[in-house]
file run.cif (mmCIF, C-alpha atoms)
data_entry
#
loop_
_atom_site.label_atom_id
_atom_site.label_comp_id
_atom_site.auth_asym_id
_atom_site.auth_seq_id
_atom_site.Cartn_x
_atom_site.Cartn_y
_atom_site.Cartn_z
CA MET A 1 22.55 -2.94 -3.15
CA SER A 2 21.73 0.55 -1.85
CA TRP A 3 20.76 3.28 -4.30
CA GLN A 4 20.10 6.98 -4.36
CA LEU A 5 16.51 8.06 -4.91
CA THR A 6 16.15 11.39 -6.68
CA GLU A 7 13.31 13.57 -7.87
CA GLU A 8 13.44 11.81 -11.26
CA HIS A 9 12.34 8.51 -9.66
CA LEU A 10 9.19 9.88 -8.08
CA ALA A 11 6.70 9.82 -10.97
CA ASP A 12 7.30 6.15 -11.74
CA LEU A 13 7.47 5.27 -8.05
CA ALA A 14 4.14 6.98 -7.32
CA ARG A 15 2.44 5.24 -10.24
CA GLY A 16 3.77 1.84 -9.19
CA ALA A 17 2.82 2.47 -5.56
CA ALA A 18 -0.74 3.27 -6.64
CA VAL A 19 -0.89 -0.09 -8.44
CA LEU A 20 0.49 -1.96 -5.43
CA GLY A 21 -1.89 0.00 -3.20
CA THR A 22 -4.78 -2.00 -4.73
CA GLY A 23 -6.98 1.07 -4.75
CA GLY A 24 -6.05 2.22 -1.24
CA GLY A 25 -3.11 3.35 0.81
CA GLY A 26 -3.95 6.98 0.03
CA ASP A 27 -3.26 8.87 -3.17
CA PRO A 28 0.53 8.84 -3.68
CA HIS A 29 0.33 12.07 -5.70
CA VAL A 30 0.10 14.13 -2.52
CA GLY A 31 3.04 12.28 -1.00
CA ARG A 32 5.02 12.62 -4.21
CA LEU A 33 4.70 16.41 -4.10
CA LEU A 34 5.79 16.51 -0.45
CA VAL A 35 8.84 14.30 -1.14
CA GLN A 36 9.71 16.26 -4.27
CA GLN A 37 9.78 19.50 -2.28
CA ALA A 38 11.86 17.89 0.47
CA ILE A 39 14.41 16.42 -1.96
CA ARG A 40 14.86 19.81 -3.58
CA GLY A 41 15.91 21.11 -0.18
CA SER A 42 17.99 18.18 1.08
CA GLY A 43 19.22 16.18 -1.91
CA PRO A 44 18.85 12.46 -2.76
CA ILE A 45 17.59 9.84 -0.33
CA THR A 46 19.58 6.68 0.42
CA VAL A 47 17.52 3.51 -0.09
CA LEU A 48 19.11 0.58 1.76
CA ASP A 49 18.77 -3.01 0.65
CA PRO A 50 17.57 -5.09 3.64
CA SER A 51 20.73 -7.18 3.45
CA GLU A 52 22.79 -4.05 4.17
CA VAL A 53 21.04 -3.17 7.42
CA ASP A 54 23.08 -4.06 10.52
CA ASP A 55 21.39 -6.76 12.59
CA ASP A 56 21.41 -4.59 15.71
CA ALA A 57 20.31 -1.36 13.99
CA LEU A 58 17.06 0.23 15.21
CA VAL A 59 14.60 0.60 12.33
CA ILE A 60 11.38 2.57 12.92
CA PRO A 61 8.74 2.42 10.15
CA THR A 62 6.67 5.56 9.55
CA ALA A 63 3.33 5.98 7.82
CA GLN A 64 0.03 7.78 7.49
CA MET A 65 -3.17 6.20 8.77
CA GLY A 66 -6.82 7.07 8.30
CA ALA A 67 -9.41 7.21 5.54
CA PRO A 68 -7.89 7.97 2.10
CA THR A 69 -10.89 10.17 1.26
CA VAL A 70 -9.90 12.58 4.05
CA VAL A 71 -6.37 13.19 2.72
CA HIS A 72 -7.73 15.20 -0.21
CA GLU A 73 -9.10 17.72 2.30
CA LYS A 74 -6.37 17.53 4.96
CA ILE A 75 -3.09 17.68 3.10
CA PRO A 76 -0.22 17.16 5.58
CA SER A 77 2.46 19.79 6.10
CA GLY A 78 5.19 17.15 6.16
CA GLU A 79 6.11 17.74 9.78
CA GLU A 80 3.66 15.19 11.22
CA PRO A 81 5.49 11.91 10.44
CA VAL A 82 8.78 13.33 11.71
CA ALA A 83 7.00 14.34 14.91
CA ALA A 84 5.72 10.78 15.30
CA LEU A 85 9.22 9.38 14.78
CA ARG A 86 10.73 11.76 17.32
CA ALA A 87 8.02 10.99 19.87
CA LEU A 88 8.67 7.26 19.59
CA GLU A 89 12.45 7.74 19.76
CA ALA A 90 11.98 9.76 22.96
CA TYR A 91 9.74 7.06 24.45
CA LEU A 92 12.22 4.31 23.55
CA GLY A 93 15.24 6.33 24.62
CA ALA A 94 17.02 5.45 21.37
CA GLU A 95 17.58 6.98 17.95
CA ALA A 96 16.53 5.27 14.74
CA ALA A 97 19.24 4.21 12.30
CA ALA A 98 16.71 4.03 9.45
CA THR A 99 13.03 4.28 8.65
CA MET A 100 10.95 1.98 6.44
CA PRO A 101 7.45 1.77 4.91
CA ILE A 102 4.79 -0.28 6.66
CA GLU A 103 3.17 -0.75 3.25
CA CYS A 104 4.49 -0.27 -0.27
CA GLY A 105 1.20 0.99 -1.74
CA GLY A 106 -0.27 4.45 -2.06
CA ILE A 107 0.91 7.43 -0.06
CA ASN A 108 2.63 5.18 2.48
CA SER A 109 5.35 4.41 -0.03
CA MET A 110 6.11 8.13 0.15
CA ILE A 111 5.81 9.01 3.85
CA PRO A 112 9.09 7.28 4.88
CA LEU A 113 10.83 9.04 1.98
CA LEU A 114 9.54 12.33 3.32
CA VAL A 115 10.85 11.46 6.78
CA ALA A 116 14.20 10.46 5.29
CA ALA A 117 14.55 13.68 3.32
CA ARG A 118 13.72 15.77 6.38
CA THR A 119 15.94 13.86 8.84
CA GLY A 120 18.80 12.49 6.74
CA LEU A 121 17.95 8.90 7.67
CA PRO A 122 18.15 6.14 5.04
CA VAL A 123 15.01 4.19 4.04
CA VAL A 124 15.02 0.39 4.02
CA ASP A 125 13.84 -1.09 0.70
CA ALA A 126 11.17 -3.33 2.24
CA ASP A 127 7.78 -3.14 3.91
CA GLY A 128 5.35 -5.07 6.10
CA MET A 129 2.37 -5.58 3.80
CA GLY A 130 3.68 -6.13 0.29
CA ARG A 131 0.70 -4.03 -0.85
CA ALA A 132 -1.69 -1.86 1.20
CA PHE A 133 -4.04 -3.06 3.95
CA PRO A 134 -6.45 -0.98 6.03
CA GLU A 135 -5.48 -2.07 9.56
CA LEU A 136 -2.22 -1.88 11.48
CA GLN A 137 -2.15 -5.48 12.71
CA MET A 138 -2.24 -6.64 9.08
CA GLU A 139 1.53 -6.61 8.68
CA THR A 140 4.04 -9.37 8.12
CA PHE A 141 6.03 -7.78 10.93
CA GLY A 142 3.30 -8.76 13.39
CA VAL A 143 2.54 -12.09 11.72
CA TYR A 144 6.11 -13.20 12.33
CA GLY A 145 6.58 -11.94 15.86
CA VAL A 146 7.35 -8.20 15.96
CA THR A 147 4.97 -6.18 18.15
CA GLY A 148 3.63 -2.87 16.86
CA SER A 149 3.66 -1.24 20.30
CA PRO A 150 4.75 1.13 21.46
CA MET A 151 3.60 3.38 18.63
CA ALA A 152 3.44 7.15 18.31
CA VAL A 153 0.64 9.10 16.65
CA ALA A 154 0.98 12.72 15.51
CA GLY A 155 -1.62 15.22 14.35
CA GLU A 156 -1.57 18.30 12.19
CA ARG A 157 -1.61 20.73 15.14
CA GLY A 158 1.45 19.35 16.88
CA GLU A 159 -0.37 16.77 18.98
CA THR A 160 1.43 13.51 19.77
CA ALA A 161 0.36 10.42 21.66
CA VAL A 162 2.12 7.17 22.50
CA ILE A 163 0.05 3.97 22.55
CA ASP A 164 1.34 0.80 24.17
CA ALA A 165 -0.95 -2.21 23.87
CA GLY A 166 1.76 -4.72 24.68
CA SER A 167 1.75 -7.63 22.25
CA ASP A 168 -1.86 -7.10 21.13
CA ASN A 169 -1.46 -5.52 17.70
CA ALA A 170 -5.21 -5.59 17.00
CA ARG A 171 -5.90 -3.59 20.15
CA MET A 172 -3.14 -1.17 19.17
CA GLU A 173 -4.97 -0.64 15.86
CA TRP A 174 -8.29 -0.09 17.65
CA LEU A 175 -6.83 2.50 20.00
CA ALA A 176 -4.87 4.27 17.27
CA ARG A 177 -7.94 4.35 15.01
CA GLY A 178 -9.88 6.11 17.76
CA VAL A 179 -7.13 8.72 18.19
CA THR A 180 -6.93 9.19 14.41
CA ILE A 181 -10.68 9.79 14.13
CA ARG A 182 -10.42 12.45 16.81
CA LEU A 183 -7.54 14.08 14.96
CA GLY A 184 -9.86 14.60 12.01
CA GLY A 185 -9.72 11.23 10.26
CA VAL A 186 -6.04 11.17 9.33
CA ALA A 187 -2.83 11.04 11.38
CA HIS A 188 0.83 10.05 11.05
CA ILE A 189 2.45 7.24 12.94
CA ALA A 190 5.69 5.51 13.90
CA GLU A 191 5.34 1.86 14.94
CA TYR A 192 6.78 -1.67 14.80
CA SER A 193 10.24 -0.54 15.89
CA MET A 194 12.58 -3.46 15.27
CA SER A 195 16.14 -4.59 14.75
CA GLY A 196 17.79 -5.03 11.39
CA ALA A 197 17.69 -8.78 12.01
CA ASP A 198 13.90 -8.57 12.41
CA VAL A 199 13.65 -6.62 9.15
CA LYS A 200 15.42 -9.42 7.29
CA ARG A 201 13.19 -12.03 8.92
CA THR A 202 9.75 -10.42 8.65
CA ALA A 203 9.68 -7.80 5.86
CA ILE A 204 8.77 -8.17 2.18
CA PRO A 205 12.09 -7.24 0.52
CA ARG A 206 12.77 -4.62 -2.15
CA THR A 207 9.25 -3.33 -2.56
CA LEU A 208 10.25 0.30 -3.12
CA THR A 209 12.32 -0.95 -6.03
CA LEU A 210 9.33 -3.01 -7.14
CA ALA A 211 7.00 0.00 -7.06
CA HIS A 212 9.45 1.95 -9.21
CA THR A 213 9.76 -1.00 -11.60
CA VAL A 214 5.96 -1.30 -11.94
CA GLY A 215 5.49 2.40 -12.62
CA LYS A 216 8.36 2.47 -15.10
CA ALA A 217 7.02 -0.58 -16.95
CA ILE A 218 3.64 1.10 -17.50
CA ARG A 219 5.24 4.35 -18.66
CA GLU A 220 7.68 2.72 -21.06
CA ALA A 221 4.96 0.60 -22.65
CA ARG A 222 2.83 3.67 -23.24
CA GLU A 223 5.75 5.55 -24.75
CA ARG A 224 6.25 2.88 -27.39
CA ASN A 225 2.50 2.33 -27.93
CA ALA A 226 2.65 -1.20 -26.51
CA ASP A 227 0.12 -2.83 -24.18
CA PRO A 228 1.05 -1.67 -20.64
CA VAL A 229 -0.75 -4.57 -18.95
CA ALA A 230 0.99 -7.19 -21.09
CA HIS A 231 4.37 -5.54 -20.47
CA LEU A 232 3.71 -5.33 -16.74
CA ALA A 233 2.86 -9.05 -16.66
CA GLU A 234 6.16 -9.80 -18.35
CA VAL A 235 8.12 -7.64 -15.91
CA LEU A 236 6.46 -9.17 -12.85
CA ARG A 237 7.34 -12.73 -13.87
CA GLY A 238 10.86 -12.19 -12.60
CA THR A 239 9.78 -10.94 -9.16
CA LEU A 240 8.13 -12.26 -5.99
CA TYR A 241 4.85 -11.11 -7.58
CA GLY A 242 5.14 -13.52 -10.47
CA HIS A 243 1.54 -13.85 -11.73
CA LEU A 244 -0.65 -11.19 -13.30
CA ARG A 245 -4.13 -12.01 -14.59
CA VAL A 246 -6.61 -9.77 -16.40
CA LEU A 247 -9.87 -10.19 -14.49
CA PHE A 248 -12.23 -7.84 -16.31
CA ARG A 249 -12.56 -5.07 -18.87
CA GLY A 250 -15.59 -2.80 -18.95
CA LYS A 251 -17.26 0.37 -17.69
CA VAL A 252 -18.09 1.39 -14.13
CA SER A 253 -21.86 1.30 -13.65
CA ASP A 254 -22.21 2.12 -9.95
CA VAL A 255 -20.13 3.18 -6.93
CA GLU A 256 -21.28 3.19 -3.31
CA ARG A 257 -18.71 4.74 -0.99
CA ARG A 258 -18.83 6.03 2.58
CA THR A 259 -16.34 7.11 5.22
CA GLU A 260 -17.03 5.41 8.55
CA ALA A 261 -15.02 4.36 11.60
CA GLY A 262 -11.87 5.80 10.03
CA PHE A 263 -12.13 3.80 6.78
CA ALA A 264 -13.39 4.34 3.26
CA ARG A 265 -15.80 1.45 2.71
CA GLY A 266 -17.96 0.54 -0.23
CA ARG A 267 -18.65 -1.41 -3.38
CA ALA A 268 -18.34 -0.77 -7.09
CA ALA A 269 -19.97 -2.46 -10.05
CA ALA A 270 -19.05 -2.57 -13.73
CA VAL A 271 -20.42 -4.03 -16.94
CA SER A 272 -18.28 -5.53 -19.71
CA PHE A 273 -18.08 -3.62 -22.97
CA ASP A 274 -20.26 -6.23 -24.70
CA GLY A 275 -22.82 -6.03 -21.88
CA GLU A 276 -22.64 -9.76 -21.17
CA HIS A 277 -20.59 -9.87 -17.96
CA SER A 278 -20.61 -8.05 -14.62
CA LEU A 279 -17.97 -7.13 -12.06
CA ASP A 280 -18.46 -6.48 -8.34
CA LEU A 281 -15.72 -5.02 -6.16
CA VAL A 282 -15.77 -4.76 -2.36
CA PHE A 283 -13.32 -2.39 -0.69
CA GLN A 284 -12.22 -1.20 2.75
CA ASN A 285 -9.72 1.50 1.80
CA GLU A 286 -8.28 -1.18 -0.54
CA ASN A 287 -10.03 -3.51 -3.00
CA LEU A 288 -10.64 -6.77 -1.15
CA VAL A 289 -12.32 -9.04 -3.67
CA ALA A 290 -13.29 -9.03 -7.35
CA LEU A 291 -16.26 -11.13 -8.44
CA VAL A 292 -17.03 -11.66 -12.13
CA ASP A 293 -20.55 -12.90 -12.82
CA GLY A 294 -20.78 -13.74 -9.13
CA GLU A 295 -17.63 -15.88 -9.03
CA VAL A 296 -14.49 -14.94 -7.08
CA ARG A 297 -11.63 -14.12 -9.42
CA CYS A 298 -9.21 -12.54 -6.94
CA VAL A 299 -9.32 -12.06 -3.17
CA VAL A 300 -7.04 -10.71 -0.44
CA PRO A 301 -4.16 -10.95 0.15
CA ASP A 302 -3.67 -11.14 -3.64
CA LEU A 303 -3.88 -7.72 -5.27
CA VAL A 304 -7.02 -6.46 -7.02
CA CYS A 305 -5.97 -3.42 -9.05
CA VAL A 306 -8.20 -1.13 -11.12
CA LEU A 307 -6.54 0.58 -14.08
CA ASP A 308 -7.75 3.10 -16.63
CA SER A 309 -8.29 1.13 -19.84
CA GLU A 310 -6.60 3.69 -22.08
CA GLN A 311 -3.39 4.49 -20.20
CA ALA A 312 -3.26 1.77 -17.49
CA GLU A 313 -3.09 4.54 -14.91
CA PRO A 314 -4.15 3.13 -11.50
CA ILE A 315 -7.49 4.28 -10.08
CA THR A 316 -7.88 4.55 -6.30
CA THR A 317 -11.10 3.66 -4.48
CA GLU A 318 -11.75 7.30 -3.64
CA THR A 319 -11.55 8.30 -7.33
CA LEU A 320 -13.66 5.48 -8.79
CA ARG A 321 -16.67 7.00 -10.55
CA TYR A 322 -19.52 6.14 -12.87
CA GLY A 323 -18.60 5.77 -16.54
CA GLN A 324 -14.89 5.09 -16.16
CA ARG A 325 -13.54 2.56 -18.64
CA ILE A 326 -11.46 0.15 -16.59
CA THR A 327 -9.22 -2.89 -16.75
CA VAL A 328 -9.12 -4.88 -13.53
CA ILE A 329 -6.08 -7.07 -12.89
CA GLY A 330 -5.12 -9.53 -10.17
CA ILE A 331 -1.52 -9.90 -9.02
CA SER A 332 -0.17 -12.72 -6.86
CA THR A 333 1.47 -11.95 -3.54
CA PRO A 334 4.76 -13.41 -2.23
CA ASP A 335 4.69 -16.78 -0.46
CA LEU A 336 5.43 -15.02 2.87
CA MET A 337 1.92 -13.52 2.63
CA ARG A 338 0.15 -16.81 1.84
CA THR A 339 1.10 -18.89 4.86
CA PRO A 340 -1.66 -20.01 7.27
CA GLU A 341 -0.31 -17.55 9.85
CA ALA A 342 -0.50 -14.66 7.37
CA LEU A 343 -3.96 -15.58 6.07
CA ALA A 344 -5.27 -15.63 9.64
CA VAL A 345 -4.32 -11.95 9.93
CA PHE A 346 -5.11 -10.54 6.48
CA GLY A 347 -6.88 -13.25 4.52
CA PRO A 348 -10.59 -13.09 3.50
CA GLU A 349 -11.91 -14.17 6.90
CA ALA A 350 -10.10 -11.28 8.61
CA PHE A 351 -12.32 -8.90 6.61
CA GLY A 352 -15.51 -10.85 7.19
CA LEU A 353 -15.62 -12.07 3.60
CA PRO A 354 -17.41 -15.39 3.03
CA TYR A 355 -14.72 -16.79 0.74
CA ASP A 356 -11.73 -19.05 1.13
CA PHE A 357 -8.41 -17.83 -0.19
CA ARG A 358 -7.31 -19.31 -3.49
CA PRO A 359 -4.33 -17.93 -5.44
CA VAL A 360 -5.27 -15.76 -8.41
CA GLU A 361 -3.18 -17.95 -10.71
CA GLU A 362 -5.50 -20.85 -9.82
CA LEU A 363 -8.72 -18.87 -10.07
CA VAL A 364 -7.88 -17.43 -13.50
CA GLY A 365 -6.01 -19.39 -16.13
CA PRO A 366 -2.96 -18.03 -17.98
#

call {"tool": "encode", "arguments": {"input": "run.cif", "output": "structure tokens"}}
result
Amino acid sequence: MSWQLTEEHLADLARGAAVLGTGGGGDPHVGRLLVQQAIRGSGPITVLDPSEVDDDALVIPTAQMGAPTVVHEKIPSGEEPVAALRALEAYLGAEAAATMPIECGGINSMIPLLVAARTGLPVVDADGMGRAFPELQMETFGVYGVTGSPMAVAGERGETAVIDAGSDNARMEWLARGVTIRLGGVAHIAEYSMSGADVKRTAIPRTLTLAHTVGKAIREARERNADPVAHLAEVLRGTLYGHLRVLFRGKVSDVERRTEAGFARGRAAAVSFDGEHSLDLVFQNENLVALVDGEVRCVVPDLVCVLDSEQAEPITTETLRYGQRITVIGISTPDLMRTPEALAVFGPEAFGLPYDFRPVEELVGP
């Protein structure tokens, strides 16, 4: 069922997107402000349920790519993702009937909304990652047969480029990453153009609605002085993300973070409040694995999310710092993201991690 997204939805949506971003995807606060301004000028945005998209409709996802740390210094004007969309439409010789997120986490939950508000296009309530991932080939679209090329890249000074790597989505990522680095570390893109039938076949459905639901659940629990994490676990049981596990509670003791090759990479460590247990996180834009006392407790593609212990506000990898009191949770991903084909693209081995994937609900008891 389609719905109208207004300014009143944005705070909850941004909070939920930051949770689903697993520490990455870019800070949705910046995107929220851009969408808020655009809605004030154009009115509500139509969010289409995937089932309502015509099979032959052209859907072009839009997004931001680059290192999340750079976005704090290079805030977009809002014109860049529209420029990418228009460049790809011109290359294809066809106009998009809708746009869609490539990922439902972080700022990339907001970029398609910005495009929609500026162009009048609807946004499909689905995405290609079900969370956030750092590389463009790591999308369910590509896993299940949609090619990312041709893609368009747009910079802040009006530059546009079209990249066509044929069916090689990993090479498309490599080329686009190089262009993005030369545009200052962040760019905006349009890619994985597909039919409505492909959307229904390859996308994770209703993830914009999910992000709003997650953010709302945390807010409502806080308002009635209930435990936000417990309430969120209850809300998620009725979704494709049915399992939430508390992995760790403690204080951040160390953060090592660097921006290299277009990514924010690093590690973080924490100590439990009683001093008896340790946490290690590894991230590449997003949190990839959580180890407690040296044992894997959650690993990609399942979600490793760091929350502030007091308010359950999500903490991104670029804002992790010494002394923060944190609760780390693991959330299960949909079955579509746990197939052998999917794990080959965005499972632990794809990131060079020396661990096998095991579902978080198996690694951590109820």

call {"tool": "residues_around", "arguments": {"input": "run.cif", "residues": "Thr180 in chain A", "least_positions_apart": "5", "cutoff": "9 Å", "atoms": "all atoms listed in the file", "output": "count of residues only"}}
result
11

call {"tool": "resolve_selection", "arguments": {"input": "run.cif", "expression": "the PyMOL selection byres ((chain A and resi 52) around 12)", "output": "ChimeraX atom specification"}}
result
/A:1-3,46-51,53-57,98,122-126,196-197,199-200,205-206

call {"tool": "write_last_selection", "arguments": {"input": "run.cif", "atoms": "C-alpha atoms", "output": "PDB file, keeping the file's coordinate frame"}}
result
ATOM      1  CA  MET A   1      22.550  -2.940  -3.150  1.00  0.00           C
ATOM      2  CA  SER A   2      21.730   0.550  -1.850  1.00  0.00           C
ATOM      3  CA  TRP A   3      20.760   3.280  -4.300  1.00  0.00           C
ATOM      4  CA  THR A  46      19.580   6.680   0.420  1.00  0.00           C
ATOM      5  CA  VAL A  47      17.520   3.510  -0.090  1.00  0.00           C
ATOM      6  CA  LEU A  48      19.110   0.580   1.760  1.00  0.00           C
ATOM      7  CA  ASP A  49      18.770  -3.010   0.650  1.00  0.00           C
ATOM      8  CA  PRO A  50      17.570  -5.090   3.640  1.00  0.00           C
ATOM      9  CA  SER A  51      20.730  -7.180   3.450  1.00  0.00           C
ATOM     10  CA  VAL A  53      21.040  -3.170   7.420  1.00  0.00           C
ATOM     11  CA  ASP A  54      23.080  -4.060  10.520  1.00  0.00           C
ATOM     12  CA  ASP A  55      21.390  -6.760  12.590  1.00  0.00           C
ATOM     13  CA  ASP A  56      21.410  -4.590  15.710  1.00  0.00           C
ATOM     14  CA  ALA A  57      20.310  -1.360  13.990  1.00  0.00           C
ATOM     15  CA  ALA A  98      16.710   4.030   9.450  1.00  0.00           C
ATOM     16  CA  PRO A 122      18.150   6.140   5.040  1.00  0.00           C
ATOM     17  CA  VAL A 123      15.010   4.190   4.040  1.00  0.00           C
ATOM     18  CA  VAL A 124      15.020   0.390   4.020  1.00  0.00           C
ATOM     19  CA  ASP A 125      13.840  -1.090   0.700  1.00  0.00           C
ATOM     20  CA  ALA A 126      11.170  -3.330   2.240  1.00  0.00           C
ATOM     21  CA  GLY A 196      17.790  -5.030  11.390  1.00  0.00           C
ATOM     22  CA  ALA A 197      17.690  -8.780  12.010  1.00  0.00           C
ATOM     23  CA  VAL A 199      13.650  -6.620   9.150  1.00  0.00           C
ATOM     24  CA  LYS A 200      15.420  -9.420   7.290  1.00  0.00           C
ATOM     25  CA  PRO A 205      12.090  -7.240   0.520  1.00  0.00           C
ATOM     26  CA  ARG A 206      12.770  -4.620  -2.150  1.00  0.00           C
TER      27      ARG A 206
END

call {"tool": "residues_near_point", "arguments": {"input": "run.cif", "point": "(-0.9, 5.8, -14.6)", "cutoff": "12 Å", "atoms": "only C-alpha atoms", "output": "PDB file with C-alpha atoms, in the coordinates of the input"}}
result
ATOM      1  CA  ALA A  11       6.700   9.820 -10.970  1.00  0.00           C
ATOM      2  CA  ASP A  12       7.300   6.150 -11.740  1.00  0.00           C
ATOM      3  CA  LEU A  13       7.470   5.270  -8.050  1.00  0.00           C
ATOM      4  CA  ALA A  14       4.140   6.980  -7.320  1.00  0.00           C
ATOM      5  CA  ARG A  15       2.440   5.240 -10.240  1.00  0.00           C
ATOM      6  CA  GLY A  16       3.770   1.840  -9.190  1.00  0.00           C
ATOM      7  CA  ALA A  17       2.820   2.470  -5.560  1.00  0.00           C
ATOM      8  CA  ALA A  18      -0.740   3.270  -6.640  1.00  0.00           C
ATOM      9  CA  VAL A  19      -0.890  -0.090  -8.440  1.00  0.00           C
ATOM     10  CA  PRO A  28       0.530   8.840  -3.680  1.00  0.00           C
ATOM     11  CA  HIS A  29       0.330  12.070  -5.700  1.00  0.00           C
ATOM     12  CA  VAL A 214       5.960  -1.300 -11.940  1.00  0.00           C
ATOM     13  CA  GLY A 215       5.490   2.400 -12.620  1.00  0.00           C
ATOM     14  CA  LYS A 216       8.360   2.470 -15.100  1.00  0.00           C
ATOM     15  CA  ALA A 217       7.020  -0.580 -16.950  1.00  0.00           C
ATOM     16  CA  ILE A 218       3.640   1.100 -17.500  1.00  0.00           C
ATOM     17  CA  ARG A 219       5.240   4.350 -18.660  1.00  0.00           C
ATOM     18  CA  GLU A 220       7.680   2.720 -21.060  1.00  0.00           C
ATOM     19  CA  ALA A 221       4.960   0.600 -22.650  1.00  0.00           C
ATOM     20  CA  ARG A 222       2.830   3.670 -23.240  1.00  0.00           C
ATOM     21  CA  PRO A 228       1.050  -1.670 -20.640  1.00  0.00           C
ATOM     22  CA  VAL A 229      -0.750  -4.570 -18.950  1.00  0.00           C
ATOM     23  CA  CYS A 305      -5.970  -3.420  -9.050  1.00  0.00           C
ATOM     24  CA  VAL A 306      -8.200  -1.130 -11.120  1.00  0.00           C
ATOM     25  CA  LEU A 307      -6.540   0.580 -14.080  1.00  0.00           C
ATOM     26  CA  ASP A 308      -7.750   3.100 -16.630  1.00  0.00           C
ATOM     27  CA  SER A 309      -8.290   1.130 -19.840  1.00  0.00           C
ATOM     28  CA  GLU A 310      -6.600   3.690 -22.080  1.00  0.00           C
ATOM     29  CA  GLN A 311      -3.390   4.490 -20.200  1.00  0.00           C
ATOM     30  CA  ALA A 312      -3.260   1.770 -17.490  1.00  0.00           C
ATOM     31  CA  GLU A 313      -3.090   4.540 -14.910  1.00  0.00           C
ATOM     32  CA  PRO A 314      -4.150   3.130 -11.500  1.00  0.00           C
ATOM     33  CA  ILE A 315      -7.490   4.280 -10.080  1.00  0.00           C
ATOM     34  CA  THR A 316      -7.880   4.550  -6.300  1.00  0.00           C
TER      35      THR A 316
END

call {"tool": "resolve_selection", "arguments": {"input": "run.cif", "expression": "the PyMOL selection byres ((chain A and resi 341-345) around 9)", "output": "PyMOL selection string"}}
result
chain A and resi 137-140+142-144+300-301+336-340+346-350+357

call {"tool": "resolve_selection", "arguments": {"input": "run.cif", "expression": "the PyMOL selection byres ((chain A and resi 265) around 7)", "output": "PyMOL selection string"}}
result
chain A and resi 257-259+263-264+266+283-285

call {"tool": "closest_residue", "arguments": {"input": "run.cif", "among": "A:Ser253, A:Ser195, A:Thr209, A:Thr327", "to": "Ala230 in chain A", "atoms": "all atoms listed in the file"}}
result
A:Thr327

call {"tool": "closest_residue", "arguments": {"input": "run.cif", "among": "A:Pro366, A:Gly148, A:Gly120, A:Gly130", "to": "Asp302 in chain A", "atoms": "all atoms listed in the file"}}
result
A:Gly130

call {"tool": "closest_residue", "arguments": {"input": "run.cif", "among": "A:Met129, A:Leu34, A:Leu232, A:Ala87", "to": "Gly105 in chain A", "atoms": "only C-alpha atoms"}}
result
A:Met129

call {"tool": "residues_around", "arguments": {"input": "run.cif", "residues": "Leu244 in chain A", "least_positions_apart": "4", "cutoff": "9 Å", "atoms": "only C-alpha atoms", "output": "PyMOL selection string"}}
result
chain A and resi 229-230+232-234+236-237+329-332+360-361+366

call {"tool": "residues_around", "arguments": {"input": "run.cif", "residues": "Ile102 in chain A", "least_positions_apart": "5", "cutoff": "7 Å", "atoms": "only C-alpha atoms", "output": "list in words"}}
result
Pro61, Thr62, Ala63, Asp127, Gly128 and Met129 of chain A

call {"tool": "closest_residue", "arguments": {"input": "run.cif", "among": "A:Leu58, A:Ala67, A:Leu5, A:Ile326", "to": "Ile39 in chain A", "atoms": "all atoms listed in the file"}}
result
A:Leu5

call {"tool": "closest_residue", "arguments": {"input": "run.cif", "among": "A:Arg131, A:Arg171, A:His9, A:His243", "to": "Arg32 in chain A", "atoms": "only C-alpha atoms"}}
result
A:His9

call {"tool": "closest_residue", "arguments": {"input": "run.cif", "among": "A:Ile204, A:Ala261, A:Leu279, A:Pro354", "to": "Val179 in chain A", "atoms": "all atoms listed in the file"}}
result
A:Ala261

call {"tool": "atom_distance", "arguments": {"input": "run.cif", "atom1": "CA of Asp227 in chain A", "atom2": "CA of Val296 in chain A"}}
result
25.5 Å

call {"tool": "atom_distance", "arguments": {"input": "run.cif", "atom1": "CA of Cys298 in chain A", "atom2": "CA of Pro359 in chain A"}}
result
7.4 Å

call {"tool": "build_atoms", "arguments": {"input": "run.cif", "residues": "range 81-85 of chain A", "atoms": "N, CA, C and O atoms", "output": "short mmCIF file (atom, residue, chain, number, x, y, z; two decimals), in the frame of the given file"}}
result
data_model
loop_
_atom_site.label_atom_id
_atom_site.label_comp_id
_atom_site.auth_asym_id
_atom_site.auth_seq_id
_atom_site.Cartn_x
_atom_site.Cartn_y
_atom_site.Cartn_z
N PRO A 81 4.83 13.21 10.25
CA PRO A 81 5.49 11.91 10.44
C PRO A 81 6.83 12.02 11.15
O PRO A 81 7.22 11.09 11.87
N VAL A 82 7.52 13.13 10.97
CA VAL A 82 8.78 13.33 11.71
C VAL A 82 8.48 13.49 13.19
O VAL A 82 9.19 12.95 14.05
N ALA A 83 7.39 14.18 13.51
CA ALA A 83 7.00 14.34 14.91
C ALA A 83 6.68 12.99 15.54
O ALA A 83 7.04 12.73 16.70
N ALA A 84 6.02 12.12 14.78
CA ALA A 84 5.72 10.78 15.30
C ALA A 84 7.01 10.00 15.55
O ALA A 84 7.16 9.34 16.59
N LEU A 85 7.94 10.07 14.60
CA LEU A 85 9.22 9.38 14.78
C LEU A 85 9.94 9.88 16.01
O LEU A 85 10.43 9.09 16.84
#
